[in-house]
Amino acid sequence: MDTIVRDPFYEDIPAFFGMSLKELIGCKHPTSWIEFEKGLIDEVELAQNFFKDGRPFDLEGLKTCMRNGYSYIDGVEELLHDLRESHYKMHAFTNYPVWYQIIEDKLRISKFLSWTFCSCKLGKRKPDPNFYTDVVRHLEVDPSDCIFVDDRLKNVEAALEVGIVGLQFKSVDQLRKDLCLLGIDIPMKDKLVVEERAP
């Protein structure tokens, strides 16, 4: 989230509950979402334990809120298209529950990459080093032949620890430049230059 797809947690979900982000963090259960991301509980159990006090809420309404909030980060869809056209293989490596399917239904990310490494499928979350070694083992490649991109520095550092090339996502333009510096052959976006000429 916030690398390919906008994360609705910070604005949309607090608004759904009529709270500030700080209020939401203060009253939600400290581990239920993590357990949901790891596939240890299902969405019914999440609804029962989302808040510390067990208060009920509209689960389907929350899912609709999140679906409405999912969108590609500006410029990412074009970058994914360019990478696919250049024949690079891409995989999602994400801390997310089974609701990744909602993202897929809306944005069709699988036209660019495979949802191979989801925490809800493998029961592990970044930055657990075992999650990264599982990825390398599954792909049957040398870690140095993989490029990992994430908006969170701690996740990038964990990739570096196991020998994977890591890039912190800051913007699409910066990521294009960083990938090109690593020798990834993708077209740079053309920029229109307007020159003023003296009459």
# chains A, B, ... in the order shown; residues from 1 in each chain; ligands from 1
call {"tool": "residues_around", "arguments": {"residues": "region 109-115 of chain A", "least_positions_apart": "3", "cutoff": "6 Å", "atoms": "only C-alpha atoms", "output": "ChimeraX atom specification"}}
result
/A:90-92,104
call {"tool": "select_by_dssp", "arguments": {"residues": "region 125-167 of chain A", "states": "strand (DSSP E)", "output": "list in words"}}
result
Ile147, Phe148, Val149, Asp150, Val165, Gly166 and Leu167 of chain A
call {"tool": "write_last_selection", "arguments": {"atoms": "N, CA and C atoms", "output": "PDB file, in the first residue's frame"}}
result
ATOM      1  N   ILE A 147      14.643  -6.916  -7.358  1.00  0.00           N
ATOM      2  CA  ILE A 147      14.528  -5.530  -6.902  1.00  0.00           C
ATOM      3  C   ILE A 147      13.237  -5.407  -6.109  1.00  0.00           C
ATOM      4  N   PHE A 148      13.371  -4.962  -4.882  1.00  0.00           N
ATOM      5  CA  PHE A 148      12.239  -4.797  -3.975  1.00  0.00           C
ATOM      6  C   PHE A 148      11.964  -3.312  -3.800  1.00  0.00           C
ATOM      7  N   VAL A 149      10.709  -2.919  -3.978  1.00  0.00           N
ATOM      8  CA  VAL A 149      10.315  -1.513  -3.842  1.00  0.00           C
ATOM      9  C   VAL A 149       9.246  -1.408  -2.772  1.00  0.00           C
ATOM     10  N   ASP A 150       9.436  -0.495  -1.823  1.00  0.00           N
ATOM     11  CA  ASP A 150       8.478  -0.331  -0.731  1.00  0.00           C
ATOM     12  C   ASP A 150       8.558   1.108  -0.231  1.00  0.00           C
ATOM     13  N   VAL A 165      18.116  -6.306  -3.727  1.00  0.00           N
ATOM     14  CA  VAL A 165      18.268  -4.882  -4.023  1.00  0.00           C
ATOM     15  C   VAL A 165      16.997  -4.169  -3.561  1.00  0.00           C
ATOM     16  N   GLY A 166      17.153  -3.123  -2.771  1.00  0.00           N
ATOM     17  CA  GLY A 166      15.999  -2.433  -2.206  1.00  0.00           C
ATOM     18  C   GLY A 166      15.935  -0.975  -2.592  1.00  0.00           C
ATOM     19  N   LEU A 167      14.737  -0.522  -2.943  1.00  0.00           N
ATOM     20  CA  LEU A 167      14.499   0.884  -3.265  1.00  0.00           C
ATOM     21  C   LEU A 167      13.321   1.383  -2.446  1.00  0.00           C
TER      22      LEU A 167
END
call {"tool": "select_by_dssp", "arguments": {"residues": "region 116-167 of chain A", "states": "alpha helix (DSSP H)", "output": "list in words"}}
result
Ser119, Cys120, Lys121, Leu122, Pro129, Asn130, Phe131, Tyr132, Thr133, Asp134, Val135, Val136, Arg137, His138, Leu139, Leu153, Lys154, Asn155, Val156, Glu157, Ala158, Ala159, Leu160 and Glu161 of chain A
call {"tool": "write_last_selection", "arguments": {"atoms": "C-alpha atoms", "output": "CSV table (one decimal), in the first residue's frame"}}
result
chain,number,residue,atom,x,y,z
A,119,SER,CA,0.9,-12.1,3.9
A,120,CYS,CA,-2.6,-13.6,4.2
A,121,LYS,CA,-1.4,-16.6,2.0
A,122,LEU,CA,2.0,-17.2,3.6
A,129,PRO,CA,13.4,-11.8,7.1
A,130,ASN,CA,11.9,-15.3,6.6
A,131,PHE,CA,9.2,-13.7,4.4
A,132,TYR,CA,12.0,-12.4,2.1
A,133,THR,CA,13.9,-15.6,2.0
A,134,ASP,CA,10.7,-17.4,1.1
A,135,VAL,CA,10.3,-15.1,-1.8
A,136,VAL,CA,13.8,-15.8,-3.1
A,137,ARG,CA,13.3,-19.5,-2.6
A,138,HIS,CA,10.0,-19.5,-4.5
A,139,LEU,CA,11.4,-17.5,-7.4
A,153,LEU,CA,12.3,2.2,5.0
A,154,LYS,CA,12.3,-0.7,7.5
A,155,ASN,CA,10.9,-3.0,4.8
A,156,VAL,CA,13.6,-1.9,2.4
A,157,GLU,CA,16.3,-2.4,5.0
A,158,ALA,CA,15.0,-6.0,5.6
A,159,ALA,CA,15.3,-6.7,1.9
A,160,LEU,CA,18.9,-5.4,1.9
A,161,GLU,CA,19.8,-7.7,4.8
call {"tool": "residues_around", "arguments": {"residues": "Leu83 (chain A)", "least_positions_apart": "6", "cutoff": "9 Å", "atoms": "only C-alpha atoms", "output": "number ranges by chain"}}
result
A: 89-90, 112, 184-187
call {"tool": "write_last_selection", "arguments": {"atoms": "all heavy atoms", "output": "PDB file, in the first residue's frame"}}
result
ATOM      1  N   LYS A  89       9.382  -9.395 -15.037  1.00  0.00           N
ATOM      2  CA  LYS A  89       8.411 -10.123 -14.231  1.00  0.00           C
ATOM      3  C   LYS A  89       8.240  -9.414 -12.898  1.00  0.00           C
ATOM      4  O   LYS A  89       9.224  -9.096 -12.225  1.00  0.00           O
ATOM      5  CB  LYS A  89       8.861 -11.569 -14.012  1.00  0.00           C
ATOM      6  CG  LYS A  89       8.870 -12.404 -15.282  1.00  0.00           C
ATOM      7  CD  LYS A  89       9.270 -13.839 -14.994  1.00  0.00           C
ATOM      8  CE  LYS A  89       9.257 -14.679 -16.270  1.00  0.00           C
ATOM      9  NZ  LYS A  89       9.662 -16.089 -16.004  1.00  0.00           N
ATOM     10  N   MET A  90       6.996  -9.207 -12.516  1.00  0.00           N
ATOM     11  CA  MET A  90       6.710  -8.476 -11.283  1.00  0.00           C
ATOM     12  C   MET A  90       5.743  -9.267 -10.409  1.00  0.00           C
ATOM     13  O   MET A  90       4.844  -9.937 -10.908  1.00  0.00           O
ATOM     14  CB  MET A  90       6.124  -7.102 -11.612  1.00  0.00           C
ATOM     15  CG  MET A  90       7.087  -6.186 -12.356  1.00  0.00           C
ATOM     16  SD  MET A  90       6.317  -4.619 -12.845  1.00  0.00           S
ATOM     17  CE  MET A  90       5.335  -5.160 -14.267  1.00  0.00           C
ATOM     18  N   PHE A 112      -0.627  -6.602 -14.739  1.00  0.00           N
ATOM     19  CA  PHE A 112       0.774  -6.200 -14.684  1.00  0.00           C
ATOM     20  C   PHE A 112       1.644  -7.142 -13.858  1.00  0.00           C
ATOM     21  O   PHE A 112       2.807  -7.366 -14.185  1.00  0.00           O
ATOM     22  CB  PHE A 112       0.903  -4.794 -14.088  1.00  0.00           C
ATOM     23  CG  PHE A 112       0.163  -3.731 -14.832  1.00  0.00           C
ATOM     24  CD1 PHE A 112      -0.850  -3.011 -14.211  1.00  0.00           C
ATOM     25  CD2 PHE A 112       0.464  -3.452 -16.152  1.00  0.00           C
ATOM     26  CE1 PHE A 112      -1.538  -2.022 -14.884  1.00  0.00           C
ATOM     27  CE2 PHE A 112      -0.222  -2.461 -16.850  1.00  0.00           C
ATOM     28  CZ  PHE A 112      -1.222  -1.742 -16.214  1.00  0.00           C
ATOM     29  N   ILE A 184      17.724  -1.001 -15.388  1.00  0.00           N
ATOM     30  CA  ILE A 184      16.412  -1.460 -15.847  1.00  0.00           C
ATOM     31  C   ILE A 184      16.005  -0.626 -17.057  1.00  0.00           C
ATOM     32  O   ILE A 184      15.925   0.601 -16.997  1.00  0.00           O
ATOM     33  CB  ILE A 184      15.357  -1.337 -14.727  1.00  0.00           C
ATOM     34  CG1 ILE A 184      15.785  -2.145 -13.508  1.00  0.00           C
ATOM     35  CG2 ILE A 184      13.991  -1.782 -15.229  1.00  0.00           C
ATOM     36  CD1 ILE A 184      16.019  -3.613 -13.771  1.00  0.00           C
ATOM     37  N   ASP A 185      15.763  -1.313 -18.152  1.00  0.00           N
ATOM     38  CA  ASP A 185      15.513  -0.645 -19.427  1.00  0.00           C
ATOM     39  C   ASP A 185      14.029  -0.316 -19.569  1.00  0.00           C
ATOM     40  O   ASP A 185      13.232  -1.142 -19.992  1.00  0.00           O
ATOM     41  CB  ASP A 185      15.966  -1.548 -20.571  1.00  0.00           C
ATOM     42  CG  ASP A 185      15.818  -0.879 -21.932  1.00  0.00           C
ATOM     43  OD1 ASP A 185      15.747   0.362 -21.971  1.00  0.00           O
ATOM     44  OD2 ASP A 185      15.769  -1.608 -22.944  1.00  0.00           O
ATOM     45  N   ILE A 186      13.670   0.892 -19.155  1.00  0.00           N
ATOM     46  CA  ILE A 186      12.303   1.365 -19.321  1.00  0.00           C
ATOM     47  C   ILE A 186      12.346   2.758 -19.927  1.00  0.00           C
ATOM     48  O   ILE A 186      13.267   3.529 -19.661  1.00  0.00           O
ATOM     49  CB  ILE A 186      11.513   1.405 -17.990  1.00  0.00           C
ATOM     50  CG1 ILE A 186      12.312   2.151 -16.905  1.00  0.00           C
ATOM     51  CG2 ILE A 186      11.139   0.024 -17.530  1.00  0.00           C
ATOM     52  CD1 ILE A 186      11.558   2.340 -15.608  1.00  0.00           C
ATOM     53  N   PRO A 187      11.352   3.089 -20.736  1.00  0.00           N
ATOM     54  CA  PRO A 187      11.359   4.425 -21.345  1.00  0.00           C
ATOM     55  C   PRO A 187      11.110   5.503 -20.303  1.00  0.00           C
ATOM     56  O   PRO A 187      10.281   5.343 -19.416  1.00  0.00           O
ATOM     57  CB  PRO A 187      10.219   4.362 -22.371  1.00  0.00           C
ATOM     58  CG  PRO A 187       9.313   3.275 -21.870  1.00  0.00           C
ATOM     59  CD  PRO A 187      10.208   2.278 -21.184  1.00  0.00           C
TER      60      PRO A 187
END
call {"tool": "closest_atom_pairs", "arguments": {"of": "region 96-136 of chain A", "to": "region 47-67 of chain A", "cutoff": "9 Å", "atoms": "only C-alpha atoms", "output": "CSV"}}
result
residue,atom,partner,partner_atom,distance
A:Trp99,CA,A:Lys63,CA,8.2
A:Ile102,CA,A:Arg67,CA,6.4
A:Ile103,CA,A:Arg67,CA,6.8
A:Lys106,CA,A:Arg67,CA,7.4
call {"tool": "closest_residue", "arguments": {"among": "A:Cys27, A:Leu40, A:Ile34, A:Ile73", "to": "Lys170 (chain A)", "atoms": "only C-alpha atoms"}}
result
A:Ile73
